[in-house]
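Have a look at model_19.pdb; it's PDB, C-alpha atoms:
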ATOM      1  CA  MET A   1       4.216 -16.479  -2.268
ATOM      2  CA  LYS A   2       2.979 -12.913  -2.586
ATOM      3  CA  LYS A   3       1.257 -13.723  -5.904
ATOM      4  CA  THR A   4      -0.351 -16.843  -4.425
ATOM      5  CA  LYS A   5      -1.661 -14.733  -1.567
ATOM      6  CA  ILE A   6      -3.109 -12.159  -3.988
ATOM      7  CA  ILE A   7      -4.799 -14.900  -6.059
ATOM      8  CA  PHE A   8      -6.201 -16.542  -2.919
ATOM      9  CA  SER A   9      -7.570 -13.336  -1.398
ATOM     10  CA  GLN A  10      -8.981 -12.166  -4.747
ATOM     11  CA  THR A  11     -10.666 -15.552  -5.290
ATOM     12  CA  LEU A  12     -12.303 -15.345  -1.878
ATOM     13  CA  MET A  13     -13.371 -11.741  -2.428
ATOM     14  CA  ILE A  14     -14.812 -12.316  -5.916
ATOM     15  CA  THR A  15     -16.603 -15.534  -4.898
ATOM     16  CA  THR A  16     -18.177 -13.686  -1.980
ATOM     17  CA  ALA A  17     -19.206 -10.858  -4.326
ATOM     18  CA  ILE A  18     -20.814 -13.357  -6.744
ATOM     19  CA  LEU A  19     -22.708 -15.001  -3.861
ATOM     20  CA  PHE A  20     -23.806 -11.573  -2.683
ATOM     21  CA  GLY A  21     -25.095 -10.757  -6.188
ATOM     22  CA  LEU A  22     -26.925 -14.078  -6.418
ATOM     23  CA  GLY A  23     -28.406 -13.469  -2.985
ATOM     24  CA  ILE A  24     -29.731 -10.087  -4.087
ATOM     25  CA  GLN A  25     -31.178 -11.640  -7.264
ATOM     26  CA  ALA A  26     -32.897 -14.336  -5.203
ATOM     27  CA  MET A  27     -34.270 -11.698  -2.855
ATOM     28  CA  ILE A  28     -35.647  -9.672  -5.794
ATOM     29  CA  LYS A  29     -37.284 -12.834  -7.188
ATOM     30  CA  TYR A  30     -38.826 -13.532  -3.793
ATOM     31  CA  VAL A  31     -40.105  -9.983  -3.298
ATOM     32  CA  SER A  32     -41.445  -9.609  -6.843
ATOM     33  CA  GLY A  33     -42.677 -13.129  -7.565
ATOM     34  CA  GLY A  34     -42.738 -15.023  -4.284
ATOM     35  CA  VAL A  35     -40.044 -17.507  -5.402
ATOM     36  CA  THR A  36     -38.867 -19.156  -2.173
ATOM     37  CA  GLN A  37     -36.355 -21.702  -3.460
ATOM     38  CA  ILE A  38     -33.244 -21.715  -5.616
ATOM     39  CA  VAL A  39     -32.410 -24.983  -7.329
ATOM     40  CA  TRP A  40     -28.774 -25.443  -8.345
ATOM     41  CA  GLN A  41     -27.021 -28.170 -10.277
ATOM     42  CA  TRP A  42     -24.341 -30.023  -8.272
ATOM     43  CA  TYR A  43     -21.482 -28.177 -10.015
ATOM     44  CA  ILE A  44     -22.736 -24.613  -9.482
ATOM     45  CA  PRO A  45     -20.966 -23.917  -6.122
ATOM     46  CA  LEU A  46     -17.677 -25.199  -7.563
ATOM     47  CA  SER A  47     -18.208 -23.190 -10.752
ATOM     48  CA  LEU A  48     -18.579 -20.027  -8.641
ATOM     49  CA  ILE A  49     -15.226 -20.687  -6.965
ATOM     50  CA  LEU A  50     -13.602 -21.452 -10.324
ATOM     51  CA  THR A  51     -14.990 -18.181 -11.712
ATOM     52  CA  GLY A  52     -13.596 -16.348  -8.690
ATOM     53  CA  LEU A  53     -10.199 -17.932  -9.326
ATOM     54  CA  LEU A  54     -10.219 -17.058 -13.037
ATOM     55  CA  CYS A  55     -11.337 -13.485 -12.263
ATOM     56  CA  SER A  56      -8.355 -13.047  -9.935
ATOM     57  CA  LEU A  57      -5.893 -13.638 -12.797
ATOM     58  CA  PRO A  58      -6.618 -10.339 -14.642
ATOM     59  CA  THR A  59      -6.161  -8.565 -11.298
ATOM     60  CA  LEU A  60      -2.706 -10.065 -10.966
ATOM     61  CA  LEU A  61      -1.741  -9.171 -14.524
ATOM     62  CA  LEU A  62      -3.310  -5.736 -14.834
ATOM     63  CA  LEU A  63      -3.662  -4.131 -11.432
ATOM     64  CA  ASN A  64      -0.662  -5.430  -9.503
ATOM     65  CA  GLN A  65       1.652  -3.117 -11.409
ATOM     66  CA  THR A  66       3.335   0.160 -10.626
ATOM     67  CA  ALA A  67       0.833   2.975 -10.950
ATOM     68  CA  HIS A  68       1.713   5.809 -13.309
ATOM     69  CA  GLY A  69      -1.323   7.984 -12.791
ATOM     70  CA  GLY A  70      -3.574   9.469 -15.455
ATOM     71  CA  TRP A  71      -4.985   7.752 -18.514
ATOM     72  CA  ARG A  72      -2.745   4.657 -18.392
ATOM     73  CA  ASP A  73      -4.219   3.595 -15.031
ATOM     74  CA  ALA A  74      -7.735   4.411 -16.222
ATOM     75  CA  LEU A  75      -7.147   2.304 -19.334
ATOM     76  CA  ARG A  76      -5.846  -0.544 -17.192
ATOM     77  CA  LEU A  77      -8.957  -0.333 -15.033
ATOM     78  CA  VAL A  78     -11.268  -0.450 -18.078
ATOM     79  CA  ALA A  79      -9.285  -3.413 -19.501
ATOM     80  CA  HIS A  80      -9.562  -5.153 -16.120
ATOM     81  CA  PHE A  81     -13.329  -4.648 -16.032
ATOM     82  CA  PHE A  82     -13.763  -6.084 -19.544
ATOM     83  CA  CYS A  83     -11.544  -9.079 -18.665
ATOM     84  CA  ILE A  84     -13.711  -9.780 -15.611
ATOM     85  CA  CYS A  85     -16.856  -9.471 -17.753
ATOM     86  CA  ALA A  86     -15.343 -11.837 -20.345
ATOM     87  CA  VAL A  87     -14.448 -14.430 -17.688
ATOM     88  CA  VAL A  88     -17.908 -14.243 -16.081
ATOM     89  CA  SER A  89     -19.604 -14.429 -19.499
ATOM     90  CA  LEU A  90     -17.526 -17.455 -20.520
ATOM     91  CA  CYS A  91     -18.051 -19.271 -17.216
ATOM     92  CA  GLY A  92     -21.742 -18.374 -17.297
ATOM     93  CA  TYR A  93     -22.008 -19.839 -20.788
ATOM     94  CA  LEU A  94     -20.061 -23.026 -19.936
ATOM     95  CA  PHE A  95     -21.886 -23.647 -16.660
ATOM     96  CA  LYS A  96     -25.276 -22.608 -18.079
ATOM     97  CA  TRP A  97     -25.944 -19.744 -15.668
ATOM     98  CA  TYR A  98     -27.872 -18.166 -18.513
ATOM     99  CA  THR A  99     -29.494 -19.483 -21.654
ATOM    100  CA  ASP A 100     -30.502 -16.286 -23.452
ATOM    101  CA  TRP A 101     -29.966 -12.506 -23.401
ATOM    102  CA  ARG A 102     -32.606 -12.020 -20.743
ATOM    103  CA  GLY A 103     -30.537 -14.174 -18.410
ATOM    104  CA  TYR A 104     -27.219 -12.696 -19.509
ATOM    105  CA  VAL A 105     -27.972  -8.981 -19.058
ATOM    106  CA  PRO A 106     -28.691  -9.196 -15.270
ATOM    107  CA  ILE A 107     -25.388 -11.066 -14.772
ATOM    108  CA  VAL A 108     -23.360  -8.363 -16.562
ATOM    109  CA  ALA A 109     -25.301  -5.659 -14.700
ATOM    110  CA  MET A 110     -24.511  -7.429 -11.422
ATOM    111  CA  VAL A 111     -20.781  -7.553 -12.286
ATOM    112  CA  ALA A 112     -20.803  -3.837 -13.185
ATOM    113  CA  VAL A 113     -22.564  -2.806  -9.958
ATOM    114  CA  ILE A 114     -20.279  -4.913  -7.738
ATOM    115  CA  TYR A 115     -17.190  -3.659  -9.610
ATOM    116  CA  LEU A 116     -18.221  -0.034  -9.206
ATOM    117  CA  PHE A 117     -19.083  -0.544  -5.539
ATOM    118  CA  VAL A 118     -15.722  -2.187  -4.770
ATOM    119  CA  TRP A 119     -13.739   0.605  -6.447
ATOM    120  CA  VAL A 120     -15.714   3.430  -4.876
ATOM    121  CA  ALA A 121     -15.338   1.786  -1.444
ATOM    122  CA  THR A 122     -11.593   1.195  -1.946
ATOM    123  CA  LEU A 123     -11.035   4.766  -3.105
ATOM    124  CA  TRP A 124     -13.030   6.158  -0.207
ATOM    125  CA  ILE A 125     -11.063   4.124   2.355
ATOM    126  CA  THR A 126      -7.665   5.000   0.796
ATOM    127  CA  ASN A 127      -8.541   8.707   0.586
ATOM    128  CA  SER A 128      -9.634   8.738   4.192
ATOM    129  CA  ASP A 129      -6.358   6.998   5.196
ATOM    130  CA  ALA A 130      -4.348   9.529   3.190
ATOM    131  CA  LYS A 131      -6.108  12.396   4.973
ATOM    132  CA  LYS A 132      -5.311  10.939   8.409
ATOM    133  CA  ILE A 133      -1.679  10.244   7.429
ATOM    134  CA  ASN A 134      -1.244  13.809   6.138
ATOM    135  CA  GLU A 135      -2.480  15.240   9.426
ATOM    136  CA  ALA A 136      -0.117  13.006  11.429
ATOM    137  CA  ILE A 137       2.845  13.768   9.156
ATOM    138  CA  LYS A 138       2.397  17.524   9.558
ATOM    139  CA  GLU A 139       3.213  17.144  13.257
ATOM    140  CA  ILE A 140       6.633  15.609  12.634
ATOM    141  CA  GLN A 141       7.478  17.281   9.325
ATOM    142  CA  ASP A 142      10.848  19.030   8.955
ATOM    143  CA  THR A 143      11.044  22.569   7.688
ATOM    144  CA  GLU A 144      13.145  23.068   4.567
TER
ATOM    145  CA  MET B 145      23.532  18.430  33.231
ATOM    146  CA  LYS B 146      21.874  16.014  35.617
ATOM    147  CA  VAL B 147      20.456  12.946  33.832
ATOM    148  CA  ASN B 148      17.682  10.704  35.203
ATOM    149  CA  PHE B 149      17.042   7.272  33.760
ATOM    150  CA  THR B 150      13.888   5.278  34.484
ATOM    151  CA  ILE B 151      13.029   1.869  33.077
ATOM    152  CA  VAL B 152       9.493   1.667  31.710
ATOM    153  CA  ARG B 153       7.440  -1.141  30.191
ATOM    154  CA  PRO B 154       7.451  -1.022  26.362
ATOM    155  CA  ALA B 155       3.670  -0.615  26.437
ATOM    156  CA  ASP B 156       4.044   2.669  28.347
ATOM    157  CA  GLY B 157       5.952   4.185  25.446
ATOM    158  CA  GLU B 158       9.614   5.123  25.595
ATOM    159  CA  HIS B 159      10.221   8.845  25.625
ATOM    160  CA  ALA B 160      12.712  11.420  26.817
ATOM    161  CA  ASP B 161      11.981  14.780  28.449
ATOM    162  CA  ILE B 162      14.783  17.331  28.477
ATOM    163  CA  TYR B 163      14.668  20.341  30.803
ATOM    164  CA  ALA B 164      17.219  22.993  29.858
ATOM    165  CA  ALA B 165      17.633  26.762  29.993
ATOM    166  CA  GLU B 166      18.249  26.929  26.222
ATOM    167  CA  LEU B 167      18.450  24.698  23.174
ATOM    168  CA  THR B 168      22.188  24.352  22.675
ATOM    169  CA  GLU B 169      24.009  22.521  19.874
ATOM    170  CA  GLN B 170      24.806  19.703  22.295
ATOM    171  CA  ILE B 171      21.147  19.242  23.209
ATOM    172  CA  ARG B 172      20.182  19.417  19.552
ATOM    173  CA  ASP B 173      22.668  16.594  18.843
ATOM    174  CA  ALA B 174      21.235  14.564  21.726
ATOM    175  CA  ILE B 175      17.692  15.040  20.411
ATOM    176  CA  ASP B 176      18.859  14.092  16.937
ATOM    177  CA  LEU B 177      20.565  10.965  18.280
ATOM    178  CA  LEU B 178      17.461   9.900  20.205
ATOM    179  CA  GLU B 179      15.084  10.632  17.350
ATOM    180  CA  ASN B 180      17.160   9.560  14.392
ATOM    181  CA  GLY B 181      19.327   6.784  15.802
ATOM    182  CA  ARG B 182      23.054   6.665  15.186
ATOM    183  CA  GLY B 183      23.222  10.242  13.936
ATOM    184  CA  ASN B 184      25.775   9.769  11.195
ATOM    185  CA  LEU B 185      25.863   7.290   8.368
ATOM    186  CA  PRO B 186      29.096   6.528   6.479
ATOM    187  CA  CYS B 187      28.477   6.922   2.757
ATOM    188  CA  THR B 188      30.614   7.282  -0.331
ATOM    189  CA  LYS B 189      30.461   9.608  -3.287
ATOM    190  CA  ASN B 190      33.094   9.544  -6.027
ATOM    191  CA  THR B 191      35.337   7.316  -3.840
ATOM    192  CA  GLN B 192      35.200   9.916  -1.073
ATOM    193  CA  VAL B 193      33.851   8.768   2.316
ATOM    194  CA  ILE B 194      31.337  11.141   3.854
ATOM    195  CA  LEU B 195      29.611  10.980   7.233
ATOM    196  CA  LEU B 196      26.052  11.860   6.422
ATOM    197  CA  LYS B 197      23.767  13.171   9.168
ATOM    198  CA  THR B 198      20.687  10.956   9.283
ATOM    199  CA  ASP B 199      18.375  13.947   9.544
ATOM    200  CA  GLU B 200      19.588  15.022   6.093
ATOM    201  CA  ILE B 201      18.488  11.740   4.522
ATOM    202  CA  TYR B 202      15.292  11.790   2.475
ATOM    203  CA  TYR B 203      15.174   8.132   1.519
ATOM    204  CA  MET B 204      17.329   5.063   0.982
ATOM    205  CA  GLU B 205      16.894   2.668  -1.865
ATOM    206  CA  SER B 206      18.313  -0.689  -2.865
ATOM    207  CA  VAL B 207      18.994  -1.126  -6.589
ATOM    208  CA  ASP B 208      20.803  -4.171  -8.028
ATOM    209  CA  LYS B 209      22.236  -5.172  -4.633
ATOM    210  CA  ARG B 210      23.616  -1.670  -4.054
ATOM    211  CA  THR B 211      22.218   0.743  -1.519
ATOM    212  CA  TYR B 212      21.812   4.410  -2.325
ATOM    213  CA  VAL B 213      21.109   7.212   0.101
ATOM    214  CA  TYR B 214      19.344  10.339  -1.130
ATOM    215  CA  THR B 215      19.445  13.746   0.475
ATOM    216  CA  LYS B 216      17.704  16.907  -0.713
ATOM    217  CA  ASP B 217      19.663  17.100  -3.952
ATOM    218  CA  GLU B 218      22.443  14.532  -3.720
ATOM    219  CA  CYS B 219      22.845  10.780  -3.983
ATOM    220  CA  PHE B 220      25.374   8.700  -2.038
ATOM    221  CA  GLU B 221      26.178   5.026  -1.830
ATOM    222  CA  THR B 222      26.513   3.044   1.370
ATOM    223  CA  LYS B 223      27.895  -0.402   2.102
ATOM    224  CA  TYR B 224      24.999  -1.233   4.426
ATOM    225  CA  ARG B 225      21.988  -3.284   3.365
ATOM    226  CA  LEU B 226      18.500  -1.886   3.855
ATOM    227  CA  TYR B 227      17.717  -4.237   6.761
ATOM    228  CA  GLU B 228      20.847  -2.988   8.533
ATOM    229  CA  LEU B 229      19.889   0.620   7.859
ATOM    230  CA  GLU B 230      16.463  -0.055   9.347
ATOM    231  CA  ASP B 231      18.171  -0.820  12.669
ATOM    232  CA  MET B 232      20.744   1.955  12.387
ATOM    233  CA  THR B 233      18.368   4.779  11.599
ATOM    234  CA  GLY B 234      15.805   6.161  13.983
ATOM    235  CA  ALA B 235      12.116   6.028  14.639
ATOM    236  CA  HIS B 236      11.251   8.402  11.817
ATOM    237  CA  PHE B 237      12.539   6.067   9.157
ATOM    238  CA  PHE B 238       9.993   3.769   7.628
ATOM    239  CA  ARG B 239      10.172   0.875   5.151
ATOM    240  CA  CYS B 240       7.710   2.068   2.484
ATOM    241  CA  ALA B 241       8.440  -0.614  -0.110
ATOM    242  CA  LYS B 242      10.492  -3.784  -0.400
ATOM    243  CA  ALA B 243      13.525  -1.823  -1.595
ATOM    244  CA  MET B 244      13.019   1.575   0.028
ATOM    245  CA  ILE B 245      13.161   3.279   3.413
ATOM    246  CA  VAL B 246      11.868   6.830   3.686
ATOM    247  CA  ASN B 247      12.381   9.507   6.322
ATOM    248  CA  LEU B 248       8.839  10.367   7.426
ATOM    249  CA  ARG B 249       9.953  13.862   8.428
ATOM    250  CA  LYS B 250      10.766  14.590   4.793
ATOM    251  CA  ILE B 251       7.317  13.731   3.459
ATOM    252  CA  ARG B 252       5.279  16.766   2.470
ATOM    253  CA  SER B 253       2.051  14.884   1.772
ATOM    254  CA  VAL B 254       0.643  11.565   0.677
ATOM    255  CA  LYS B 255      -1.981  10.936  -1.955
ATOM    256  CA  ALA B 256      -4.246   7.932  -2.505
ATOM    257  CA  GLN B 257      -3.311   6.138  -5.662
ATOM    258  CA  PHE B 258      -4.580   3.437  -7.940
ATOM    259  CA  ASN B 259      -5.166   0.026  -6.336
ATOM    260  CA  GLY B 260      -4.698   0.947  -2.686
ATOM    261  CA  ARG B 261      -1.185   2.318  -3.077
ATOM    262  CA  MET B 262      -0.154   5.785  -1.978
ATOM    263  CA  SER B 263       2.275   8.227  -3.493
ATOM    264  CA  ALA B 264       4.264  10.517  -1.248
ATOM    265  CA  GLU B 265       5.628  13.888  -2.229
ATOM    266  CA  LEU B 266       8.871  14.678  -0.428
ATOM    267  CA  LEU B 267       9.964  18.130   0.696
ATOM    268  CA  ASN B 268      12.319  18.379  -2.312
ATOM    269  CA  GLY B 269       9.441  17.664  -4.713
ATOM    270  CA  GLU B 270      10.403  14.055  -5.448
ATOM    271  CA  GLN B 271       7.620  11.466  -5.618
ATOM    272  CA  ILE B 272       7.904   7.999  -4.134
ATOM    273  CA  VAL B 273       5.408   5.151  -3.908
ATOM    274  CA  ILE B 274       4.218   3.608  -0.649
ATOM    275  CA  ALA B 275       3.318   0.020  -1.452
ATOM    276  CA  ARG B 276      -0.160  -1.136  -0.492
ATOM    277  CA  SER B 277       1.137  -3.730   1.960
ATOM    278  CA  TYR B 278       3.112  -1.048   3.853
ATOM    279  CA  VAL B 279       0.255   1.450   4.268
ATOM    280  CA  LYS B 280      -0.978  -0.450   7.342
ATOM    281  CA  ASP B 281       2.514  -0.307   8.898
ATOM    282  CA  LEU B 282       2.698   3.415   8.187
ATOM    283  CA  LYS B 283      -0.606   4.046   9.943
ATOM    284  CA  ARG B 284       0.561   1.978  12.919
ATOM    285  CA  LYS B 285       3.853   3.873  13.048
ATOM    286  CA  LEU B 286       2.028   7.202  13.062
ATOM    287  CA  GLY B 287      -0.282   5.950  15.811
ATOM    288  CA  LEU B 288      -3.413   5.916  13.632
TER
END
Could you rewrite the structure in this file as structure tokens?
Amino acid sequence: MKKTKIIFSQTLMITTAILFGLGIQAMIKYVSGGVTQIVWQWYIPLSLILTGLLCSLPTLLLLNQTAHGGWRDALRLVAHFFCICAVVSLCGYLFKWYTDWRGYVPIVAMVAVIYLFVWVATLWITNSDAKKINEAIKEIQDTE
Amino acid sequence: MKVNFTIVRPADGEHADIYAAELTEQIRDAIDLLENGRGNLPCTKNTQVILLKTDEIYYMESVDKRTYVYTKDECFETKYRLYELEDMTGAHFFRCAKAMIVNLRKIRSVKAQFNGRMSAELLNGEQIVIARSYVKDLKRKLGL
């Protein structure tokens, strides 16, 4: 049940992130070239959800493990990023999100930016929680 | 000593105020009982039964259907399951993972870790992990 919950929440989160990225791309196209419409094939919305689902699997395998600290976690994070890139590249190829390198590079750049943003935000929130917890713990801490 | 008892609504917060000329051993025991629950926990070590004071406990862990109780530098076994210990021990004990309960008063500091988890350093230098799903409960328990 716990794993299903992780897959579900990750799928939702990644799909939202992809939509956010596509929204930004559309906005850039509008601002720079005045493009006011996006035309999608019928399967594109479903392909985004499928990509979100497939991207959640590396998270389950690589990140839902006991942390050891140091280089092993860093290596796991790098492996996770490359898995996500591989899934997005494969889905992008199968669902024809890109046809050449000029279409592929912005997609990878979008994945990298979103990935970095999510990790920086997560780290910032967890660090701020840890700071608050430490202050509260000091008040009840025993003396040894 | 004269004792007053007043019933309050749970939302008002249960608390005890003690007015005394000095902090005697008896009052210390009463405070310990109110703060840490039962006060003593029957444990075994090398077939010997020991009544362990709950304020000496650092953490309790369930491994292979056995429950172990750790103090500053000793390990004991108890017949109770973790869910029973949760009820028996006091307000300063907190379920920090599926198989572990920690005494919050024995935590020196917490540190943000990989993937939303936190690691806690105990007063005896030991490190334990606070699972991501329990961080919210910890913040609630500390009133954050």
| field | Check: which chain A residues lie within 10 Å of chain B using all atoms listed in the file, as a ChimeraX atom specification | value | /A:59,63-70,73-74,77,119,122-144
| said: What's around Phe95 (chain A) at 9 Å? Count only C-alpha atoms, leave out sequence neighbours fewer than 2 positions away in its own chain, and write the answer as a list in words. | reply: Tyr43, Ile44, Ser47, Leu90, Cys91, Gly92, Tyr93, Trp97 and Tyr98 of chain A
| Neighbours of Thr198 (chain B) within 10 Å (only C-alpha atoms; same-chain residues fewer than 6 positions away dropped), as a list of chain:residue names? |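 Contacts, with the query itself left out: B:Asp176, B:Leu177, B:Glu179, B:Asn180, B:Gly181, B:Arg182, B:Gly183, B:Asn184, B:Leu185, B:Pro186, B:Val213, B:Thr215, B:Met232, B:Thr233, B:Gly234, B:Phe237, B:Asn247.
Between CA of Tyr202 (chain B) and CA of Asn190 (chain B) the interatomic distance comes to 19.9 Å.
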| task | Take CA of Asn148 (chain B) and CA of Asp231 (chain B) and report the distance between them in Å, one decimal. | result |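 Taking CA of Asn148 (chain B) as the start and CA of Asp231 (chain B) as the end point, the length is 25.3 Å.
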| Residue IDs satisfying the PyMOL selection byres ((chain B and resi 187) around 9), as a list in words | Leu185, Pro186, Thr188, Lys189, Gln192, Val193, Ile194, Leu195, Leu196, Tyr212, Val213, Phe220, Glu221, Thr222 and Lys223 of chain B
| field | Residues selected by the PyMOL selection byres ((chain B and resi 227) around 12), written as a ChimeraX atom specification | value | /B:204-206,211,223-226,228-233,237-239,242-245
| message | Residues near Thr51 (chain A), anyone? I mean within 9 Å using all atoms listed in the file, not counting same-chain ones fewer than 2 positions away, as number ranges by chain. | response | A: 11, 14-15, 46-49, 53-56, 87-88, 91-92
| query | Interatomic distance between CA of Phe81 (chain A) and CA of Lys96 (chain A)? | reply |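 Distance reported for this atom pair: 21.7 Å.
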| task | Might you spell out which residues the PyMOL selection byres ((chain A and resi 21) around 12) would select in the displayed file, as a PyMOL selection string? | result | chain A and resi 14-20+22-28+48+106-115+117
Quick one: 3 Å padding each side, axis-aligned, all listed atoms of region 165-170 of chain B - centre and edge lengths in Å to one decimal, as JSON?
{"center_x": 21.2, "center_y": 23.3, "center_z": 24.9, "size_x": 13.2, "size_y": 13.2, "size_z": 16.1}
| Contact residues around Asp161 (chain B) with only C-alpha atoms at 12 Å, ignoring same-chain residues under 5 positions, as an MDAnalysis selection string | chainID B and resid 147:150 171 174:175 178
